[in-house]
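Shown next: protein.cif, containing mmCIF, C-alpha atoms.
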```
data_coords
loop_
_atom_site.group_PDB
_atom_site.id
_atom_site.type_symbol
_atom_site.label_atom_id
_atom_site.label_comp_id
_atom_site.auth_asym_id
_atom_site.auth_seq_id
_atom_site.Cartn_x
_atom_site.Cartn_y
_atom_site.Cartn_z
ATOM 1 C CA MET E 981 -2.984 -32.737 -4.090
ATOM 2 C CA ALA E 982 -3.125 -29.474 -5.989
ATOM 3 C CA CYS E 983 -0.846 -26.656 -4.977
ATOM 4 C CA LYS E 984 -2.703 -23.514 -3.964
ATOM 5 C CA ILE E 985 -0.696 -20.471 -4.913
ATOM 6 C CA ARG E 986 -1.928 -17.164 -3.586
ATOM 7 C CA PRO E 987 -1.062 -14.195 -5.759
ATOM 8 C CA GLU E 988 0.950 -11.423 -4.165
ATOM 9 C CA PRO E 989 -1.122 -8.335 -3.315
ATOM 10 C CA GLU E 990 -0.569 -5.849 -6.115
ATOM 11 C CA SER E 991 0.683 -2.353 -5.452
ATOM 12 C CA PRO E 992 -2.117 0.210 -5.135
ATOM 13 C CA CYS E 993 -0.018 2.725 -7.106
ATOM 14 C CA VAL E 994 -1.986 4.657 -9.739
ATOM 15 C CA ASN E 995 0.940 6.811 -10.924
ATOM 16 C CA ILE E 996 -0.241 9.948 -9.143
ATOM 17 C CA CYS E 997 2.815 10.360 -6.961
ATOM 18 C CA ARG E 998 2.369 13.444 -4.822
ATOM 19 C CA MET E 999 2.522 13.612 -1.045
ATOM 20 C CA ASP E 1000 -0.207 15.376 0.911
ATOM 21 C CA ALA E 1001 1.530 17.734 3.348
ATOM 22 C CA ALA E 1002 -1.251 17.512 5.937
ATOM 23 C CA ASN E 1003 -1.156 13.753 6.511
ATOM 24 C CA GLN E 1004 2.027 12.556 4.750
ATOM 25 C CA TYR E 1005 0.191 10.102 2.478
ATOM 26 C CA CYS E 1006 0.519 9.846 -1.295
ATOM 27 C CA VAL E 1007 -2.662 11.310 -2.800
ATOM 28 C CA GLY E 1008 -2.659 8.597 -5.466
ATOM 29 C CA CYS E 1009 -2.387 5.440 -3.380
ATOM 30 C CA TRP E 1010 -2.648 6.742 0.228
ATOM 31 C CA ARG E 1011 0.523 4.974 1.388
ATOM 32 C CA THR E 1012 3.273 6.607 3.422
ATOM 33 C CA LEU E 1013 6.726 7.106 1.940
ATOM 34 C CA ASP E 1014 8.047 4.257 4.078
ATOM 35 C CA GLU E 1015 5.288 1.919 2.853
ATOM 36 C CA ILE E 1016 6.023 2.862 -0.755
ATOM 37 C CA ARG E 1017 9.780 2.371 -0.294
ATOM 38 C CA GLN E 1018 9.405 -0.964 1.475
ATOM 39 C CA TRP E 1019 6.604 -2.437 -0.685
ATOM 40 C CA SER E 1020 8.816 -4.791 -2.698
ATOM 41 C CA THR E 1021 10.378 -6.261 0.454
ATOM 42 C CA LEU E 1022 7.166 -6.714 2.463
ATOM 43 C CA SER E 1023 5.526 -10.079 2.967
ATOM 44 C CA SER E 1024 2.106 -10.822 1.482
ATOM 45 C CA GLU E 1025 0.595 -10.452 4.947
ATOM 46 C CA GLU E 1026 2.226 -7.052 5.484
ATOM 47 C CA ARG E 1027 1.025 -5.844 2.088
ATOM 48 C CA ALA E 1028 -2.499 -7.073 2.789
ATOM 49 C CA GLN E 1029 -2.472 -5.236 6.129
ATOM 50 C CA ILE E 1030 -1.483 -1.960 4.458
ATOM 51 C CA LEU E 1031 -4.109 -2.422 1.747
ATOM 52 C CA SER E 1032 -6.780 -2.978 4.412
ATOM 53 C CA GLU E 1033 -5.890 0.385 6.003
ATOM 54 C CA LEU E 1034 -5.987 2.524 2.847
ATOM 55 C CA ASP E 1035 -9.731 3.275 2.683
ATOM 56 C CA ALA E 1036 -9.635 4.804 6.160
ATOM 57 C CA ARG E 1037 -6.898 7.195 5.051
ATOM 58 C CA VAL E 1038 -8.825 8.768 2.187
ATOM 59 C CA PRO E 1039 -10.266 12.130 3.278
ATOM 60 C CA VAL E 1040 -14.006 12.504 3.011
#
```
Final structure tokens representation of the file:
Amino acid sequence: MACKIRPEPESPCVNICRMDAANQYCVGCWRTLDEIRQWSTLSSEERAQILSELDARVPV
């Protein structure tokens, strides 16, 4: 039986690291400071959850 290895969700960082004062999200990746700090210790499921929330954070 073949082993199915799922790749870890990649960081959404685009090297534009500046926090938006109005909503406390990074204007480059739309994560909070806590999410950015904790990214390397989060599980794949936790990372995927954060990634699924990012589009809703981008101002229109």
Checklist entry - So what does the PyMOL selection byres ((chain E and resi 998) around 12) actually pick up in this one, as a PyMOL selection string? => result chain E and resi 993-997+999-1001+1003-1013+1016
Checklist entry - Smallest atom-to-atom distance to Glu1015 in chain E: which of E:Val1040, E:Ala1002, E:Gln1029, E:Asp1035, using only C-alpha atoms? => result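 Counting only C-alpha atoms, the residue closest to Glu1015 in chain E is E:Gln1029.
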Around the point (-5.9, -2.0, -1.4), in the coordinates given by the file, pick out the residues reaching within 9 Å, counting all atoms listed in the file, and return them as a tab-separated table (two decimals) with C-alpha atoms, in the coordinates of the input.
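Below is the file that was written, selection.tsv:
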```tsv
chain	number	residue	atom	x	y	z
E	989	PRO	CA	-1.12	-8.34	-3.32
E	990	GLU	CA	-0.57	-5.85	-6.12
E	991	SER	CA	0.68	-2.35	-5.45
E	992	PRO	CA	-2.12	0.21	-5.14
E	1009	CYS	CA	-2.39	5.44	-3.38
E	1027	ARG	CA	1.02	-5.84	2.09
E	1028	ALA	CA	-2.50	-7.07	2.79
E	1029	GLN	CA	-2.47	-5.24	6.13
E	1030	ILE	CA	-1.48	-1.96	4.46
E	1031	LEU	CA	-4.11	-2.42	1.75
E	1032	SER	CA	-6.78	-2.98	4.41
E	1033	GLU	CA	-5.89	0.38	6.00
E	1034	LEU	CA	-5.99	2.52	2.85
E	1035	ASP	CA	-9.73	3.28	2.68
```
Taking all atoms of range 1017-1025 of chain E that the file lists, what box with edges along x, y and z, padded by 8 Å per side, do you get, with centre and edge lengths in Å to one decimal, as lines of an AutoDock Vina configuration file?
```
center_x = 5.5
center_y = -4.2
center_z = 1.1
size_x = 25.8
size_y = 29.2
size_z = 23.6
```
